[in-house]
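Novice: Can you keep this structure in mind? I'll have questions shortly.
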Amino acid sequence: MVKTGLENNINNSSGPANTNKGRTSWNLKTSTLAKNTINRIRVIVESLKICPNPAKPMIPLTIGDPTTFGNLKASDETMKAVLNAIESGKYNGYAHTQGHESARRAIAKYSAHQSSEEIKPEDICITSGCSSALEYSILALAEKGQNILIPRPGFCLYQTLTEGLGIEVRYYDLLPEKQWEVDLQQLESLIDEKTAALIINNPSNPCGSVFSKQHLEDILAICEKYYLPIIADEVYEHFVFPGSKHYAVSSLSKNVPVLSCGGLTKRFIVPGWRTGWVIIHDRENRLADVSRGLKNMCGRILGSNTLVQGAIPDILEKTPQSYFDSIINILSENADLAYGMLKKIRGLNPIMPNGAMYMMVGINIEQFPEFKDDTHFVQELVNQQSVFCLPGSCFEYPNFVRIVLTVPKAMIEEACGRIAEFCEAHYKVDNTIIENNLLEEIPY
């Protein structure tokens, strides 16, 4: 008699134990990538013991989101462009993983100043915010065992995106006494055969600095000497204050390939729309393999938000210059106001920015002996004055704080006034200066 499959299963059910070499318990662990992906700002801020003064409304000078306070808004043209894209019904499905061609053509036209040659749509990848543009660029150029050069002080996301992959971070120094220019000699000393790329952030977060043409050319000379490609974080390229000028590093490069990362995020006051891009600048076709890898990366999430892609041509073409000018005027006036007030405070050393949305302020921490470091200073500033700045340690630069300039003018005035009150309450003159009768010679 022939047995059925069911009978065979029943007869075997009491046979030998299962010898499959699978798990023996629910002992689940996260991946190395996830475990080592750490946002430095979050770690430091969450470690603070904060209890704001209930008698004073909180003023958060920490948030790099220009929409937070409601005084900076997207233009009417930007809003209408998205509404039109929605109502057209054309952008509800998937796009090409690099983005709709019409959107990439518009970005190419908008970014023509970045190159003396025509930018082609196939050399553009639309991403989920400038953060993803940076991530894709890093992933396309570097791998475990290599190293990437990033600025100090610098945007902590570079470290977050890099170290989880087993890529070494090497910090090159920016010099506050030179308006945050790169220490070129120290930068060059970091380069070896495993250096995969140099990240430049210009204009800078957190410094607000804007590199001169000559300084960028000096950086390019080093990169050319060591065959080092550049990842250019230029999301603030249009946030430049009167009297300064931004040069796209790709526009100055003759031989060094550049991946330029930008987006709608900051200039158009829509960070939540998560729309960025990478533009491949490669005159000599040295990034051919990297370019293929970068385009492969776009397939990881099957492209970015298609509704906003549908609106990109109108956003970039129809937003008037007067709108951008008004935003820059607000930021520049706030920078002047904050700098003018903070430079009068004993123990502080603000450095005037030339662009972006931020200002770095030095703390002469030895003149505030009650505080161990910049994080302790920030913690007590919140607890006593309800003013929240980011410690410089968030940017690998202790004894500084970063403030944002996107808040309303009245809030800047109030915050700086409270900071002055706090510093005067805790400032201590160096006793050695008193002993040497030099106090009257100190210019406050």
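We name chains A, B, ... following the order of the structure tokens; residues begin at 1 in each chain, and ligands are numbered from 1 as shown.
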Neighbours of stretch 197-207 of chain A within 7 Å (only C-alpha atoms; same-chain residues fewer than 5 positions away dropped), as a ChimeraX atom specification?

Specialist: /A:148-150,154-155,228-234,236-237,353,355-356,358-360,402

Novice: Applying 12 Å and only C-alpha atoms, which residues near A:Ala103 remain after dropping the ones on its own chain fewer than 2 positions away? List them as a PyMOL selection string.

Specialist: chain A and resi 85+91+95-96+98-101+105-110+120-122+124-127+263+275-277+304-317

Novice: How would the residues just chosen look if you wrote them out with C-alpha atoms as a CSV table (one decimal), in the first residue's frame?

Specialist:
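Saved to result07.csv:
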chain,number,residue,atom,x,y,z
A,85,ALA,CA,1.3,69.4,-8.9
A,91,TYR,CA,2.8,62.9,-9.7
A,95,ALA,CA,9.3,58.5,-10.8
A,96,HIS,CA,12.7,57.5,-12.3
A,98,GLN,CA,17.1,59.6,-10.0
A,99,GLY,CA,14.0,61.8,-10.2
A,100,HIS,CA,11.6,63.1,-12.9
A,101,GLU,CA,13.5,64.4,-15.9
A,105,ARG,CA,16.3,69.7,-16.1
A,106,ALA,CA,15.0,72.5,-13.9
A,107,ILE,CA,17.7,71.9,-11.2
A,108,ALA,CA,20.4,71.8,-14.0
A,109,LYS,CA,19.3,75.3,-15.2
A,110,TYR,CA,19.0,76.6,-11.6
A,120,LYS,CA,23.1,67.5,-17.8
A,121,PRO,CA,20.0,65.9,-16.2
A,122,GLU,CA,21.6,62.5,-16.1
A,124,ILE,CA,21.7,64.9,-11.2
A,125,CYS,CA,20.2,62.6,-8.5
A,126,ILE,CA,17.2,63.9,-6.6
A,127,THR,CA,17.2,62.7,-3.0
A,263,GLY,CA,18.3,71.3,-2.1
A,275,THR,CA,13.9,67.5,-1.3
A,276,GLY,CA,17.6,67.6,-2.1
A,277,TRP,CA,20.0,66.6,-4.9
A,304,SER,CA,12.2,60.8,-3.4
A,305,ASN,CA,8.9,62.6,-3.0
A,306,THR,CA,7.2,62.8,-6.4
A,307,LEU,CA,4.7,65.6,-5.6
A,308,VAL,CA,7.5,68.0,-4.7
A,309,GLN,CA,9.4,66.8,-7.8
A,310,GLY,CA,6.4,67.8,-9.9
A,311,ALA,CA,6.6,71.3,-8.4
A,312,ILE,CA,10.3,71.8,-8.7
A,313,PRO,CA,10.3,73.5,-12.1
A,314,ASP,CA,7.8,76.2,-11.0
A,315,ILE,CA,9.4,76.6,-7.6
A,316,LEU,CA,12.8,77.3,-9.1
A,317,GLU,CA,11.6,79.4,-12.0

Novice: Just the strand (DSSP E) stuff from stretch 148-391 of chain A, please, per backbone DSSP, written as a PyMOL selection string.

Specialist: chain A and resi 148-152+168-175+181-182+195-201+230-233+258-263+276-281+348-351+358-363+387-388+390-391

Novice: I need the chosen residues saved as an mmCIF file, in the first residue's frame, with C-alpha atoms.

Specialist:
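Heads up, here's the output in out-v4.cif:
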data_model
loop_
_atom_site.group_PDB
_atom_site.id
_atom_site.type_symbol
_atom_site.label_atom_id
_atom_site.label_comp_id
_atom_site.auth_asym_id
_atom_site.auth_seq_id
_atom_site.Cartn_x
_atom_site.Cartn_y
_atom_site.Cartn_z
ATOM 1 C CA ILE A 148 36.955 60.853 5.061
ATOM 2 C CA LEU A 149 38.049 64.372 6.011
ATOM 3 C CA ILE A 150 35.401 66.535 7.664
ATOM 4 C CA PRO A 151 35.552 70.049 9.179
ATOM 5 C CA ARG A 152 35.915 70.859 12.864
ATOM 6 C CA GLU A 168 37.213 56.594 9.807
ATOM 7 C CA VAL A 169 36.482 60.273 10.402
ATOM 8 C CA ARG A 170 39.462 62.625 10.332
ATOM 9 C CA TYR A 171 38.837 66.199 11.409
ATOM 10 C CA TYR A 172 40.504 69.127 9.720
ATOM 11 C CA ASP A 173 40.506 72.353 11.697
ATOM 12 C CA LEU A 174 38.767 75.626 10.897
ATOM 13 C CA LEU A 175 40.463 78.682 12.364
ATOM 14 C CA GLU A 181 39.231 79.308 7.101
ATOM 15 C CA VAL A 182 40.728 75.809 6.831
ATOM 16 C CA THR A 195 41.539 58.952 2.201
ATOM 17 C CA ALA A 196 38.406 58.644 0.081
ATOM 18 C CA ALA A 197 37.078 62.220 -0.010
ATOM 19 C CA LEU A 198 37.109 65.699 1.490
ATOM 20 C CA ILE A 199 33.834 67.195 2.699
ATOM 21 C CA ILE A 200 33.562 70.978 2.382
ATOM 22 C CA ASN A 201 30.628 72.849 3.938
ATOM 23 C CA ILE A 230 35.306 66.685 -2.969
ATOM 24 C CA ILE A 231 31.842 66.311 -1.476
ATOM 25 C CA ALA A 232 30.547 69.887 -1.371
ATOM 26 C CA ASP A 233 27.728 70.529 1.086
ATOM 27 C CA VAL A 258 33.054 67.360 -7.146
ATOM 28 C CA LEU A 259 29.767 65.960 -5.873
ATOM 29 C CA SER A 260 27.716 69.043 -5.008
ATOM 30 C CA CYS A 261 24.877 68.523 -2.513
ATOM 31 C CA GLY A 262 22.020 71.020 -2.305
ATOM 32 C CA GLY A 263 18.263 71.254 -2.098
ATOM 33 C CA GLY A 276 17.620 67.596 -2.066
ATOM 34 C CA TRP A 277 19.962 66.641 -4.870
ATOM 35 C CA VAL A 278 23.473 65.653 -5.859
ATOM 36 C CA ILE A 279 25.074 67.160 -8.951
ATOM 37 C CA ILE A 280 28.022 65.282 -10.440
ATOM 38 C CA HIS A 281 30.747 67.658 -11.690
ATOM 39 C CA LEU A 348 32.192 85.913 25.333
ATOM 40 C CA ASN A 349 33.752 86.186 21.883
ATOM 41 C CA PRO A 350 31.197 86.074 19.048
ATOM 42 C CA ILE A 351 32.520 85.573 15.520
ATOM 43 C CA TYR A 358 24.189 80.523 12.529
ATOM 44 C CA MET A 359 26.768 82.246 14.710
ATOM 45 C CA MET A 360 29.484 80.667 16.826
ATOM 46 C CA VAL A 361 30.221 82.367 20.140
ATOM 47 C CA GLY A 362 33.395 81.623 22.067
ATOM 48 C CA ILE A 363 33.288 81.194 25.846
ATOM 49 C CA VAL A 387 17.797 80.427 26.778
ATOM 50 C CA PHE A 388 18.936 77.295 24.963
ATOM 51 C CA LEU A 390 23.858 74.294 21.347
ATOM 52 C CA PRO A 391 27.190 73.541 23.040
#

Novice: Could you tell me which of A:Met58, A:Val378, A:Leu83, A:Met352 comes closest to A:Pro176 if we count only C-alpha atoms?

Specialist: A:Met352

Novice: Excluding A:Cys394 and its own-chain neighbours fewer than 4 positions away, which residues fall within 9 Å of it when counting only C-alpha atoms? Please give them as a list in words.

Specialist: Arg40, Ile41, Arg42, Val43, Ile44, Val45, Pro153, Gly154, Phe155, Cys156, Leu390, Pro398 and Val401 of chain A

Novice: Atoms to include: N, CA and C atoms. Write the selected residues as a short mmCIF file (atom, residue, chain, number, x, y, z; two decimals), in the first residue's frame.

Specialist:
data_model
loop_
_atom_site.label_atom_id
_atom_site.label_comp_id
_atom_site.auth_asym_id
_atom_site.auth_seq_id
_atom_site.Cartn_x
_atom_site.Cartn_y
_atom_site.Cartn_z
N ARG A 40 25.38 63.05 17.40
CA ARG A 40 26.10 63.66 18.52
C ARG A 40 25.27 64.73 19.23
N ILE A 41 24.52 65.51 18.47
CA ILE A 41 23.71 66.56 19.09
C ILE A 41 22.70 65.94 20.04
N ARG A 42 22.03 64.89 19.58
CA ARG A 42 21.01 64.26 20.42
C ARG A 42 21.62 63.69 21.69
N VAL A 43 22.77 63.03 21.56
CA VAL A 43 23.42 62.43 22.73
C VAL A 43 23.76 63.49 23.76
N ILE A 44 24.35 64.61 23.31
CA ILE A 44 24.78 65.65 24.24
C ILE A 44 23.58 66.36 24.86
N VAL A 45 22.60 66.71 24.04
CA VAL A 45 21.43 67.44 24.55
C VAL A 45 20.66 66.58 25.55
N PRO A 153 35.07 73.04 13.66
CA PRO A 153 33.71 72.56 13.92
C PRO A 153 32.96 72.26 12.62
N GLY A 154 32.04 71.32 12.71
CA GLY A 154 31.30 70.93 11.52
C GLY A 154 29.99 70.27 11.87
N PHE A 155 29.14 70.17 10.88
CA PHE A 155 27.81 69.56 11.00
C PHE A 155 27.98 68.11 11.44
N CYS A 156 27.36 67.74 12.57
CA CYS A 156 27.60 66.41 13.15
C CYS A 156 27.05 65.28 12.29
N LEU A 390 23.19 75.60 21.48
CA LEU A 390 23.86 74.29 21.35
C LEU A 390 25.31 74.42 21.78
N PRO A 398 34.73 72.39 21.63
CA PRO A 398 34.34 72.81 22.98
C PRO A 398 34.62 74.29 23.24
N VAL A 401 29.49 78.13 21.80
CA VAL A 401 28.08 77.78 21.62
C VAL A 401 27.65 78.24 20.24
#

Novice: Can you tell me, as a list in words, what residues are no more than 12 Å from A:Tyr323 when counting only C-alpha atoms, ignoring any on the same chain fewer than 5 positions away?

Specialist: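 Final neighbour list, sorted by chain and number: Leu72, Lys73, Ala74, Ser75, Asp76, Glu77, Thr78, Arg267, Phe268, Ile269, Lys318, Ile328, Asn329 and Ile330 of chain A.
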
Novice: Based on the backbone DSSP call, show me all residues of stretch 78-203 of chain A assigned helix (DSSP H, G or I), as an mmCIF file with N, CA, C and O atoms, in the first residue's frame.

Specialist:
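Output saved as part24.cif:
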data_model
loop_
_atom_site.group_PDB
_atom_site.id
_atom_site.type_symbol
_atom_site.label_atom_id
_atom_site.label_comp_id
_atom_site.auth_asym_id
_atom_site.auth_seq_id
_atom_site.Cartn_x
_atom_site.Cartn_y
_atom_site.Cartn_z
ATOM 1 N N THR A 78 5.952 79.071 -4.177
ATOM 2 C CA THR A 78 6.321 77.708 -3.795
ATOM 3 C C THR A 78 5.095 76.904 -3.406
ATOM 4 O O THR A 78 4.926 75.754 -3.840
ATOM 5 N N MET A 79 4.227 77.502 -2.620
ATOM 6 C CA MET A 79 3.016 76.802 -2.185
ATOM 7 C C MET A 79 2.098 76.487 -3.368
ATOM 8 O O MET A 79 1.546 75.390 -3.470
ATOM 9 N N LYS A 80 1.942 77.460 -4.271
ATOM 10 C CA LYS A 80 1.071 77.251 -5.438
ATOM 11 C C LYS A 80 1.626 76.172 -6.357
ATOM 12 O O LYS A 80 0.867 75.401 -6.961
ATOM 13 N N ALA A 81 2.937 76.107 -6.457
ATOM 14 C CA ALA A 81 3.549 75.093 -7.327
ATOM 15 C C ALA A 81 3.211 73.690 -6.847
ATOM 16 O O ALA A 81 2.923 72.786 -7.656
ATOM 17 N N VAL A 82 3.226 73.484 -5.544
ATOM 18 C CA VAL A 82 2.894 72.159 -5.002
ATOM 19 C C VAL A 82 1.409 71.868 -5.176
ATOM 20 O O VAL A 82 1.011 70.750 -5.533
ATOM 21 N N LEU A 83 0.574 72.871 -4.920
ATOM 22 C CA LEU A 83 -0.868 72.673 -5.126
ATOM 23 C C LEU A 83 -1.174 72.296 -6.579
ATOM 24 O O LEU A 83 -1.986 71.395 -6.849
ATOM 25 N N ASN A 84 -0.516 72.961 -7.510
ATOM 26 C CA ASN A 84 -0.723 72.639 -8.925
ATOM 27 C C ASN A 84 -0.266 71.222 -9.249
ATOM 28 O O ASN A 84 -0.909 70.520 -10.040
ATOM 29 N N ALA A 85 0.848 70.803 -8.641
ATOM 30 C CA ALA A 85 1.349 69.450 -8.876
ATOM 31 C C ALA A 85 0.358 68.412 -8.347
ATOM 32 O O ALA A 85 0.112 67.382 -8.990
ATOM 33 N N ILE A 86 -0.224 68.702 -7.189
ATOM 34 C CA ILE A 86 -1.217 67.783 -6.615
ATOM 35 C C ILE A 86 -2.460 67.714 -7.496
ATOM 36 O O ILE A 86 -2.946 66.629 -7.847
ATOM 37 N N GLU A 87 -2.967 68.886 -7.875
ATOM 38 C CA GLU A 87 -4.220 68.935 -8.638
ATOM 39 C C GLU A 87 -4.075 68.365 -10.041
ATOM 40 O O GLU A 87 -5.049 67.895 -10.629
ATOM 41 N N SER A 88 -2.858 68.369 -10.560
ATOM 42 C CA SER A 88 -2.664 67.822 -11.910
ATOM 43 C C SER A 88 -2.854 66.319 -11.952
ATOM 44 O O SER A 88 -3.183 65.748 -13.001
ATOM 45 N N GLU A 101 12.582 63.668 -15.002
ATOM 46 C CA GLU A 101 13.516 64.391 -15.857
ATOM 47 C C GLU A 101 13.213 65.878 -15.880
ATOM 48 O O GLU A 101 14.136 66.711 -15.916
ATOM 49 N N SER A 102 11.932 66.254 -15.854
ATOM 50 C CA SER A 102 11.587 67.680 -15.872
ATOM 51 C C SER A 102 12.152 68.391 -14.642
ATOM 52 O O SER A 102 12.615 69.539 -14.727
ATOM 53 N N ALA A 103 12.138 67.720 -13.502
ATOM 54 C CA ALA A 103 12.689 68.303 -12.275
ATOM 55 C C ALA A 103 14.203 68.407 -12.374
ATOM 56 O O ALA A 103 14.798 69.424 -11.988
ATOM 57 N N ARG A 104 14.842 67.381 -12.920
ATOM 58 C CA ARG A 104 16.308 67.407 -13.040
ATOM 59 C C ARG A 104 16.762 68.466 -14.044
ATOM 60 O O ARG A 104 17.793 69.108 -13.854
ATOM 61 N N ARG A 105 15.975 68.663 -15.097
ATOM 62 C CA ARG A 105 16.317 69.731 -16.052
ATOM 63 C C ARG A 105 16.221 71.104 -15.375
ATOM 64 O O ARG A 105 17.060 71.983 -15.599
ATOM 65 N N ALA A 106 15.206 71.278 -14.556
ATOM 66 C CA ALA A 106 15.038 72.549 -13.851
ATOM 67 C C ALA A 106 16.188 72.782 -12.874
ATOM 68 O O ALA A 106 16.696 73.907 -12.748
ATOM 69 N N ILE A 107 16.618 71.741 -12.179
ATOM 70 C CA ILE A 107 17.741 71.859 -11.244
ATOM 71 C C ILE A 107 19.026 72.175 -12.002
ATOM 72 O O ILE A 107 19.848 72.986 -11.556
ATOM 73 N N ALA A 108 19.208 71.551 -13.155
ATOM 74 C CA ALA A 108 20.398 71.815 -13.971
ATOM 75 C C ALA A 108 20.461 73.290 -14.380
ATOM 76 O O ALA A 108 21.520 73.933 -14.311
ATOM 77 N N LYS A 109 19.327 73.844 -14.783
ATOM 78 C CA LYS A 109 19.275 75.257 -15.173
ATOM 79 C C LYS A 109 19.524 76.161 -13.970
ATOM 80 O O LYS A 109 20.293 77.130 -14.041
ATOM 81 N N TYR A 110 18.893 75.834 -12.853
ATOM 82 C CA TYR A 110 19.018 76.615 -11.618
ATOM 83 C C TYR A 110 20.460 76.624 -11.106
ATOM 84 O O TYR A 110 20.907 77.607 -10.514
ATOM 85 N N ALA A 112 23.275 76.277 -12.945
ATOM 86 C CA ALA A 112 24.233 76.488 -14.041
ATOM 87 C C ALA A 112 25.484 77.231 -13.583
ATOM 88 O O ALA A 112 26.571 77.047 -14.148
ATOM 89 N N HIS A 113 25.358 78.054 -12.532
ATOM 90 C CA HIS A 113 26.503 78.820 -12.035
ATOM 91 C C HIS A 113 27.589 77.930 -11.431
ATOM 92 O O HIS A 113 28.706 78.368 -11.206
ATOM 93 N N GLN A 114 27.260 76.663 -11.176
ATOM 94 C CA GLN A 114 28.225 75.768 -10.548
ATOM 95 C C GLN A 114 29.263 75.214 -11.521
ATOM 96 O O GLN A 114 30.226 74.576 -11.095
ATOM 97 N N PRO A 121 20.887 66.575 -17.135
ATOM 98 C CA PRO A 121 19.953 65.936 -16.205
ATOM 99 C C PRO A 121 20.435 64.574 -15.714
ATOM 100 O O PRO A 121 20.181 64.218 -14.555
ATOM 101 N N GLU A 122 21.159 63.836 -16.566
ATOM 102 C CA GLU A 122 21.635 62.525 -16.145
ATOM 103 C C GLU A 122 22.726 62.596 -15.083
ATOM 104 O O GLU A 122 23.073 61.580 -14.468
ATOM 105 N N ASP A 123 23.266 63.793 -14.852
ATOM 106 C CA ASP A 123 24.284 63.980 -13.817
ATOM 107 C C ASP A 123 23.695 64.507 -12.512
ATOM 108 O O ASP A 123 24.420 64.977 -11.635
ATOM 109 N N GLY A 129 15.991 65.007 0.754
ATOM 110 C CA GLY A 129 16.696 66.020 1.520
ATOM 111 C C GLY A 129 18.180 66.036 1.207
ATOM 112 O O GLY A 129 18.725 65.095 0.624
ATOM 113 N N CYS A 130 18.844 67.112 1.615
ATOM 114 C CA CYS A 130 20.285 67.207 1.404
ATOM 115 C C CYS A 130 21.024 66.170 2.244
ATOM 116 O O CYS A 130 22.114 65.720 1.880
ATOM 117 N N SER A 131 20.425 65.755 3.350
ATOM 118 C CA SER A 131 21.045 64.714 4.183
ATOM 119 C C SER A 131 21.245 63.435 3.393
ATOM 120 O O SER A 131 22.294 62.786 3.485
ATOM 121 N N SER A 132 20.239 63.045 2.617
ATOM 122 C CA SER A 132 20.374 61.840 1.794
ATOM 123 C C SER A 132 21.379 62.050 0.664
ATOM 124 O O SER A 132 22.081 61.120 0.266
ATOM 125 N N ALA A 133 21.443 63.269 0.147
ATOM 126 C CA ALA A 133 22.444 63.574 -0.879
ATOM 127 C C ALA A 133 23.846 63.349 -0.323
ATOM 128 O O ALA A 133 24.718 62.758 -0.986
ATOM 129 N N LEU A 134 24.072 63.788 0.904
ATOM 130 C CA LEU A 134 25.364 63.572 1.551
ATOM 131 C C LEU A 134 25.612 62.093 1.804
ATOM 132 O O LEU A 134 26.713 61.575 1.569
ATOM 133 N N GLU A 135 24.585 61.401 2.282
ATOM 134 C CA GLU A 135 24.731 59.973 2.565
ATOM 135 C C GLU A 135 25.081 59.201 1.296
ATOM 136 O O GLU A 135 26.011 58.373 1.283
ATOM 137 N N TYR A 136 24.360 59.441 0.210
ATOM 138 C CA TYR A 136 24.636 58.734 -1.041
ATOM 139 C C TYR A 136 26.041 59.035 -1.549
ATOM 140 O O TYR A 136 26.733 58.139 -2.051
ATOM 141 N N SER A 137 26.466 60.280 -1.405
ATOM 142 C CA SER A 137 27.800 60.667 -1.873
ATOM 143 C C SER A 137 28.880 59.939 -1.081
ATOM 144 O O SER A 137 29.861 59.435 -1.643
ATOM 145 N N ILE A 138 28.703 59.880 0.229
ATOM 146 C CA ILE A 138 29.666 59.174 1.080
ATOM 147 C C ILE A 138 29.685 57.689 0.743
ATOM 148 O O ILE A 138 30.750 57.076 0.588
ATOM 149 N N LEU A 139 28.505 57.093 0.606
ATOM 150 C CA LEU A 139 28.416 55.660 0.318
ATOM 151 C C LEU A 139 29.006 55.312 -1.048
ATOM 152 O O LEU A 139 29.553 54.225 -1.239
ATOM 153 N N ALA A 140 28.871 56.236 -1.991
ATOM 154 C CA ALA A 140 29.391 55.970 -3.339
ATOM 155 C C ALA A 140 30.912 56.075 -3.397
ATOM 156 O O ALA A 140 31.549 55.428 -4.233
ATOM 157 N N LEU A 141 31.500 56.874 -2.510
ATOM 158 C CA LEU A 141 32.940 57.141 -2.584
ATOM 159 C C LEU A 141 33.774 56.347 -1.588
ATOM 160 O O LEU A 141 34.963 56.107 -1.831
ATOM 161 N N LEU A 157 26.178 65.580 11.327
ATOM 162 C CA LEU A 157 25.618 64.514 10.494
ATOM 163 C C LEU A 157 26.705 63.806 9.685
ATOM 164 O O LEU A 157 26.574 62.625 9.384
ATOM 165 N N TYR A 158 27.788 64.516 9.338
ATOM 166 C CA TYR A 158 28.863 63.859 8.587
ATOM 167 C C TYR A 158 29.402 62.674 9.380
ATOM 168 O O TYR A 158 29.636 61.591 8.828
ATOM 169 N N GLN A 159 29.597 62.876 10.664
ATOM 170 C CA GLN A 159 30.079 61.805 11.528
ATOM 171 C C GLN A 159 29.023 60.703 11.653
ATOM 172 O O GLN A 159 29.344 59.518 11.586
ATOM 173 N N THR A 160 27.775 61.106 11.814
ATOM 174 C CA THR A 160 26.674 60.137 11.945
ATOM 175 C C THR A 160 26.599 59.223 10.726
ATOM 176 O O THR A 160 26.428 58.004 10.861
ATOM 177 N N LEU A 161 26.729 59.796 9.538
ATOM 178 C CA LEU A 161 26.600 59.026 8.301
ATOM 179 C C LEU A 161 27.815 58.155 8.023
ATOM 180 O O LEU A 161 27.716 57.176 7.278
ATOM 181 N N THR A 162 28.947 58.477 8.615
ATOM 182 C CA THR A 162 30.216 57.855 8.247
ATOM 183 C C THR A 162 30.657 56.749 9.188
ATOM 184 O O THR A 162 30.953 55.634 8.768
ATOM 185 N N GLU A 163 30.662 57.039 10.475
ATOM 186 C CA GLU A 163 31.274 56.100 11.423
ATOM 187 C C GLU A 163 30.512 54.792 11.538
ATOM 188 O O GLU A 163 31.119 53.741 11.784
ATOM 189 N N PRO A 176 39.111 80.027 13.905
ATOM 190 C CA PRO A 176 38.218 81.149 14.225
ATOM 191 C C PRO A 176 38.872 82.509 14.034
ATOM 192 O O PRO A 176 38.201 83.475 13.652
ATOM 193 N N GLU A 177 40.177 82.584 14.263
ATOM 194 C CA GLU A 177 40.868 83.868 14.110
ATOM 195 C C GLU A 177 41.019 84.267 12.651
ATOM 196 O O GLU A 177 41.398 85.411 12.343
ATOM 197 N N LYS A 178 40.717 83.355 11.729
ATOM 198 C CA LYS A 178 40.764 83.654 10.293
ATOM 199 C C LYS A 178 39.386 83.479 9.647
ATOM 200 O O LYS A 178 39.277 83.025 8.510
ATOM 201 N N LEU A 184 45.184 74.756 6.311
ATOM 202 C CA LEU A 184 45.575 73.973 5.134
ATOM 203 C C LEU A 184 46.716 73.005 5.437
ATOM 204 O O LEU A 184 46.738 71.871 4.927
ATOM 205 N N GLN A 185 47.662 73.431 6.247
ATOM 206 C CA GLN A 185 48.794 72.559 6.573
ATOM 207 C C GLN A 185 48.326 71.347 7.374
ATOM 208 O O GLN A 185 48.734 70.209 7.100
ATOM 209 N N GLN A 186 47.449 71.585 8.343
ATOM 210 C CA GLN A 186 46.924 70.475 9.137
ATOM 211 C C GLN A 186 46.055 69.559 8.282
ATOM 212 O O GLN A 186 46.107 68.332 8.410
ATOM 213 N N LEU A 187 45.256 70.140 7.381
ATOM 214 C CA LEU A 187 44.444 69.342 6.456
ATOM 215 C C LEU A 187 45.319 68.407 5.641
ATOM 216 O O LEU A 187 45.057 67.200 5.551
ATOM 217 N N GLU A 188 46.362 68.929 5.071
ATOM 218 C CA GLU A 188 47.230 68.118 4.212
ATOM 219 C C GLU A 188 47.890 66.992 4.996
ATOM 220 O O GLU A 188 48.094 65.890 4.459
ATOM 221 N N SER A 189 48.173 67.220 6.273
ATOM 222 C CA SER A 189 48.831 66.195 7.086
ATOM 223 C C SER A 189 47.938 64.990 7.352
ATOM 224 O O SER A 189 48.429 63.912 7.729
#

Novice: How close does each residue of stretch 290-341 of chain A get to stretch 240-244 of chain A, giving the shortest atom pair and distance in Å to one decimal for every residue with an atom at most 12 Å away, counting only C-alpha atoms, sorted by chain and residue number, as JSON lines?

Specialist:
{"residue": "A:Phe324", "atom": "CA", "partner": "A:Val240", "partner_atom": "CA", "distance": 10.6}
{"residue": "A:Asp325", "atom": "CA", "partner": "A:Phe241", "partner_atom": "CA", "distance": 9.7}
{"residue": "A:Ser326", "atom": "CA", "partner": "A:Phe241", "partner_atom": "CA", "distance": 11.4}
{"residue": "A:Ile327", "atom": "CA", "partner": "A:Phe241", "partner_atom": "CA", "distance": 10.2}
{"residue": "A:Ile328", "atom": "CA", "partner": "A:Phe241", "partner_atom": "CA", "distance": 6.5}
{"residue": "A:Asn329", "atom": "CA", "partner": "A:Phe241", "partner_atom": "CA", "distance": 7.7}
{"residue": "A:Ile330", "atom": "CA", "partner": "A:Phe241", "partner_atom": "CA", "distance": 10.0}
{"residue": "A:Leu331", "atom": "CA", "partner": "A:Phe241", "partner_atom": "CA", "distance": 8.0}
{"residue": "A:Ser332", "atom": "CA", "partner": "A:Phe241", "partner_atom": "CA", "distance": 5.8}
{"residue": "A:Glu333", "atom": "CA", "partner": "A:Phe241", "partner_atom": "CA", "distance": 9.3}
{"residue": "A:Asn334", "atom": "CA", "partner": "A:Phe241", "partner_atom": "CA", "distance": 11.0}
{"residue": "A:Ala335", "atom": "CA", "partner": "A:Phe241", "partner_atom": "CA", "distance": 9.4}
{"residue": "A:Asp336", "atom": "CA", "partner": "A:Phe241", "partner_atom": "CA", "distance": 10.5}

Novice: Tell me, in Å to one decimal, how far atom CA of A:Tyr427 is from atom CA of A:Pro408.

Specialist: 28.1 Å

Novice: One decimal, Å: what's the distance from atom CA of A:Leu337 over to atom CA of A:Ala410, could you say?

Specialist: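 According to the coordinates, atom CA of A:Leu337 and atom CA of A:Ala410 are separated by 10.3 Å.
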